[in-house]
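Data block for work.txt (compact mmCIF, N, CA and C atoms):
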```txt
# COMPACT_ATOMS: atom_id res chain seq x y z
N MET R 1 0.85 -1.18 0.00
CA MET R 1 0.00 0.00 0.00
C MET R 1 0.89 1.24 0.00
N ARG R 2 0.52 2.19 -0.84
CA ARG R 2 1.27 3.45 -0.94
C ARG R 2 0.44 4.58 -0.36
N ALA R 3 1.08 5.39 0.49
CA ALA R 3 0.40 6.51 1.13
C ALA R 3 1.14 7.81 0.87
N LEU R 4 0.38 8.87 0.74
CA LEU R 4 0.93 10.22 0.67
C LEU R 4 0.58 10.91 1.98
N LEU R 5 1.58 11.36 2.70
CA LEU R 5 1.38 12.09 3.95
C LEU R 5 1.62 13.56 3.65
N VAL R 6 0.57 14.36 3.67
CA VAL R 6 0.63 15.79 3.38
C VAL R 6 0.66 16.54 4.70
N VAL R 7 1.72 17.32 4.92
CA VAL R 7 1.93 17.98 6.20
C VAL R 7 2.00 19.49 6.03
N ASN R 8 1.24 20.18 6.85
CA ASN R 8 1.34 21.64 6.96
C ASN R 8 2.19 21.92 8.20
N LYS R 9 3.48 22.17 7.99
CA LYS R 9 4.40 22.33 9.12
C LYS R 9 4.21 23.64 9.88
N VAL R 10 3.42 24.57 9.35
CA VAL R 10 3.17 25.81 10.08
C VAL R 10 1.85 25.77 10.84
N ALA R 11 1.13 24.67 10.75
CA ALA R 11 -0.10 24.53 11.53
C ALA R 11 0.24 24.45 13.01
N THR R 12 -0.65 24.93 13.83
CA THR R 12 -0.46 24.88 15.27
C THR R 12 -0.25 23.43 15.70
N ARG R 13 0.76 23.20 16.53
CA ARG R 13 1.09 21.88 17.09
C ARG R 13 1.59 20.89 16.05
N THR R 14 1.99 21.34 14.89
CA THR R 14 2.54 20.46 13.86
C THR R 14 3.92 21.00 13.47
N ASP R 15 4.91 20.13 13.41
CA ASP R 15 6.24 20.53 12.98
C ASP R 15 6.91 19.36 12.28
N THR R 16 8.11 19.59 11.78
CA THR R 16 8.81 18.55 11.02
C THR R 16 9.15 17.34 11.88
N ARG R 17 9.43 17.55 13.14
CA ARG R 17 9.74 16.42 14.03
C ARG R 17 8.53 15.50 14.18
N LEU R 18 7.36 16.08 14.40
CA LEU R 18 6.13 15.30 14.50
C LEU R 18 5.85 14.58 13.18
N ALA R 19 6.03 15.29 12.07
CA ALA R 19 5.80 14.68 10.76
C ALA R 19 6.71 13.47 10.55
N ASP R 20 7.96 13.59 10.93
CA ASP R 20 8.89 12.46 10.80
C ASP R 20 8.47 11.28 11.67
N ARG R 21 7.99 11.56 12.87
CA ARG R 21 7.54 10.49 13.76
C ARG R 21 6.30 9.78 13.19
N VAL R 22 5.37 10.54 12.68
CA VAL R 22 4.15 9.96 12.09
C VAL R 22 4.52 9.14 10.85
N ALA R 23 5.38 9.69 10.01
CA ALA R 23 5.79 8.97 8.81
C ALA R 23 6.50 7.66 9.18
N SER R 24 7.35 7.70 10.18
CA SER R 24 8.05 6.48 10.62
C SER R 24 7.07 5.43 11.11
N ALA R 25 6.09 5.85 11.88
CA ALA R 25 5.08 4.90 12.39
C ALA R 25 4.29 4.29 11.24
N LEU R 26 3.89 5.12 10.28
CA LEU R 26 3.13 4.61 9.13
C LEU R 26 3.96 3.67 8.27
N ARG R 27 5.25 3.93 8.19
CA ARG R 27 6.13 3.11 7.35
C ARG R 27 6.28 1.68 7.86
N THR R 28 5.86 1.43 9.09
CA THR R 28 5.89 0.05 9.57
C THR R 28 4.81 -0.79 8.89
N GLN R 29 3.83 -0.11 8.26
CA GLN R 29 2.71 -0.81 7.65
C GLN R 29 2.57 -0.57 6.15
N MET R 30 3.21 0.48 5.62
CA MET R 30 3.02 0.84 4.22
C MET R 30 4.17 1.71 3.73
N SER R 31 4.22 1.90 2.43
CA SER R 31 5.18 2.81 1.82
C SER R 31 4.60 4.22 1.93
N VAL R 32 5.40 5.16 2.45
CA VAL R 32 4.90 6.51 2.70
C VAL R 32 5.81 7.55 2.05
N GLU R 33 5.19 8.47 1.32
CA GLU R 33 5.91 9.64 0.83
C GLU R 33 5.44 10.84 1.64
N LEU R 34 6.38 11.56 2.21
CA LEU R 34 6.09 12.72 3.04
C LEU R 34 6.30 13.98 2.21
N VAL R 35 5.31 14.84 2.18
CA VAL R 35 5.42 16.10 1.44
C VAL R 35 4.84 17.23 2.30
N TYR R 36 5.51 18.38 2.25
CA TYR R 36 5.08 19.54 3.01
C TYR R 36 4.38 20.54 2.09
N THR R 37 3.36 21.19 2.62
CA THR R 37 2.68 22.22 1.85
C THR R 37 3.53 23.48 1.84
N ASP R 38 3.47 24.20 0.72
CA ASP R 38 4.27 25.42 0.57
C ASP R 38 3.43 26.69 0.52
N TYR R 39 2.13 26.56 0.28
CA TYR R 39 1.29 27.73 0.13
C TYR R 39 -0.16 27.34 0.41
N ARG R 40 -0.99 28.34 0.63
CA ARG R 40 -2.41 28.11 0.84
C ARG R 40 -3.00 27.47 -0.42
N GLY R 41 -3.70 26.37 -0.25
CA GLY R 41 -4.28 25.66 -1.38
C GLY R 41 -3.38 24.55 -1.91
N HIS R 42 -2.17 24.44 -1.39
CA HIS R 42 -1.23 23.43 -1.87
C HIS R 42 -1.73 22.01 -1.57
N ALA R 43 -2.31 21.80 -0.40
CA ALA R 43 -2.83 20.47 -0.06
C ALA R 43 -3.92 20.06 -1.07
N HIS R 44 -4.75 21.01 -1.46
CA HIS R 44 -5.78 20.77 -2.47
C HIS R 44 -5.15 20.34 -3.78
N ASP R 45 -4.14 21.07 -4.21
CA ASP R 45 -3.45 20.75 -5.45
C ASP R 45 -2.76 19.39 -5.38
N LEU R 46 -2.14 19.09 -4.25
CA LEU R 46 -1.48 17.79 -4.07
C LEU R 46 -2.48 16.65 -4.14
N ALA R 47 -3.63 16.83 -3.52
CA ALA R 47 -4.66 15.79 -3.53
C ALA R 47 -5.09 15.48 -4.95
N ILE R 48 -5.30 16.50 -5.74
CA ILE R 48 -5.74 16.30 -7.12
C ILE R 48 -4.64 15.66 -7.97
N SER R 49 -3.44 16.17 -7.85
CA SER R 49 -2.36 15.73 -8.75
C SER R 49 -1.79 14.36 -8.41
N SER R 50 -1.97 13.90 -7.19
CA SER R 50 -1.31 12.65 -6.80
C SER R 50 -2.25 11.52 -6.42
N ALA R 51 -3.54 11.74 -6.47
CA ALA R 51 -4.50 10.72 -6.02
C ALA R 51 -4.35 9.40 -6.77
N GLU R 52 -4.05 9.45 -8.03
CA GLU R 52 -3.93 8.22 -8.82
C GLU R 52 -2.69 7.41 -8.45
N ASP R 53 -1.70 8.05 -7.85
CA ASP R 53 -0.44 7.38 -7.53
C ASP R 53 -0.42 6.73 -6.15
N TYR R 54 -1.44 6.98 -5.34
CA TYR R 54 -1.45 6.50 -3.95
C TYR R 54 -2.77 5.80 -3.63
N ASP R 55 -2.68 4.86 -2.70
CA ASP R 55 -3.87 4.17 -2.23
C ASP R 55 -4.59 4.98 -1.17
N VAL R 56 -3.84 5.80 -0.44
CA VAL R 56 -4.42 6.59 0.64
C VAL R 56 -3.67 7.93 0.71
N VAL R 57 -4.43 8.99 1.02
CA VAL R 57 -3.85 10.32 1.23
C VAL R 57 -4.16 10.69 2.68
N ILE R 58 -3.10 11.05 3.42
CA ILE R 58 -3.23 11.34 4.85
C ILE R 58 -2.81 12.78 5.08
N GLY R 59 -3.58 13.51 5.87
CA GLY R 59 -3.26 14.89 6.18
C GLY R 59 -2.81 15.05 7.62
N LEU R 60 -1.78 15.86 7.80
CA LEU R 60 -1.30 16.21 9.14
C LEU R 60 -1.19 17.72 9.20
N GLY R 61 -2.07 18.32 9.96
CA GLY R 61 -2.12 19.78 10.06
C GLY R 61 -3.40 20.15 10.80
N GLY R 62 -3.92 21.28 10.46
CA GLY R 62 -5.15 21.73 11.10
C GLY R 62 -6.36 21.49 10.23
N ASP R 63 -7.46 22.12 10.62
CA ASP R 63 -8.71 21.99 9.88
C ASP R 63 -8.56 22.40 8.42
N GLY R 64 -7.80 23.45 8.18
CA GLY R 64 -7.62 23.93 6.82
C GLY R 64 -6.93 22.91 5.93
N THR R 65 -5.93 22.26 6.47
CA THR R 65 -5.20 21.25 5.70
C THR R 65 -6.12 20.10 5.32
N ILE R 66 -6.88 19.62 6.28
CA ILE R 66 -7.79 18.51 6.04
C ILE R 66 -8.90 18.93 5.07
N ASN R 67 -9.40 20.15 5.22
CA ASN R 67 -10.42 20.68 4.32
C ASN R 67 -9.91 20.73 2.88
N GLU R 68 -8.68 21.22 2.70
CA GLU R 68 -8.11 21.29 1.36
C GLU R 68 -7.97 19.90 0.75
N LEU R 69 -7.47 18.96 1.53
CA LEU R 69 -7.31 17.59 1.02
C LEU R 69 -8.66 16.99 0.64
N ALA R 70 -9.63 17.12 1.52
CA ALA R 70 -10.96 16.55 1.26
C ALA R 70 -11.58 17.16 0.01
N ASN R 71 -11.52 18.47 -0.10
CA ASN R 71 -12.11 19.11 -1.28
C ASN R 71 -11.37 18.75 -2.55
N GLY R 72 -10.07 18.61 -2.48
CA GLY R 72 -9.30 18.19 -3.64
C GLY R 72 -9.69 16.79 -4.08
N LEU R 73 -9.80 15.87 -3.14
CA LEU R 73 -10.18 14.50 -3.46
C LEU R 73 -11.63 14.42 -3.95
N LEU R 74 -12.51 15.23 -3.38
CA LEU R 74 -13.91 15.21 -3.80
C LEU R 74 -14.09 15.69 -5.24
N THR R 75 -13.21 16.56 -5.71
CA THR R 75 -13.33 17.03 -7.09
C THR R 75 -13.07 15.91 -8.08
N LEU R 76 -12.40 14.85 -7.62
CA LEU R 76 -12.10 13.72 -8.51
C LEU R 76 -13.30 12.82 -8.73
N GLY R 77 -14.25 12.87 -7.81
CA GLY R 77 -15.47 12.08 -7.93
C GLY R 77 -15.18 10.60 -8.16
N GLU R 78 -15.77 10.03 -9.18
CA GLU R 78 -15.62 8.61 -9.48
C GLU R 78 -14.21 8.24 -9.93
N ALA R 79 -13.42 9.23 -10.33
CA ALA R 79 -12.06 8.94 -10.82
C ALA R 79 -11.12 8.55 -9.70
N ALA R 80 -11.48 8.86 -8.45
CA ALA R 80 -10.60 8.51 -7.32
C ALA R 80 -10.53 7.01 -7.15
N PRO R 81 -9.31 6.52 -6.84
CA PRO R 81 -9.17 5.05 -6.66
C PRO R 81 -9.88 4.54 -5.44
```

Please rewrite the model in this file as structure tokens.
Amino acid sequence: MRALLVVNKVATRTDTRLADRVASALRTQMSVELVYTDYRGHAHDLAISSAEDYDVVIGLGGDGTINELANGLLTLGEAAP
């Protein structure tokens, strides 16, 4: 199973150390690619552009990060794996 872990490192209570720990824990069960958001709306763009390459997309951040991911994936509709 391949997972994309999308991290907003500027979200409250989220940082690169936490992201590395979460990625390490997930890697015990699956292949994980860790990517950080660079701008507002980036999680949305990542969800759309990479959904076909991963079995699961995981968000680590605040409400905004999760909202962007969800809305990005929802735009794919039936095309999502």

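Between Arg2 of chain R and the residues R:Val56, R:Leu18, R:Ala43, R:Leu73, the shortest atom-to-atom distance, using only N, CA and C atoms, involves R:Val56.
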
Using Å and a single decimal, report how far atom CA of Arg21 of chain R sits from atom CA of Glu52 of chain R.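 If I compute the distance from atom CA of Glu52 of chain R to atom CA of Arg21 of chain R, I get 25.4 Å.
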
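We find atom CA of Met1 of chain R and atom CA of Tyr54 of chain R to be spaced 7.7 Å apart.
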
Quick one: of R:Asp53, R:Ile66, R:Met30, R:Gly59, who's nearest to Val6 of chain R, counting only C-alpha atoms?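 Among the listed residues, R:Gly59 lies closest to Val6 of chain R.
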
Assign secondary structure with DSSP using the backbone only, and return the residues of chain R in strand (DSSP E or B) as number ranges by chain. R: 2-7, 31-36, 56-60

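You will find atom CA of Lys9 of chain R at 6.7 Å from atom N of Thr37 of chain R.
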
Identify, on the basis of only N, CA and C atoms, every residue whose closest approach to Ala11 of chain R does not exceed 8 Å; exclude the query and any residue fewer than 6 positions from it along the same chain; express the result as a PyMOL selection string. chain R and resi 60-63
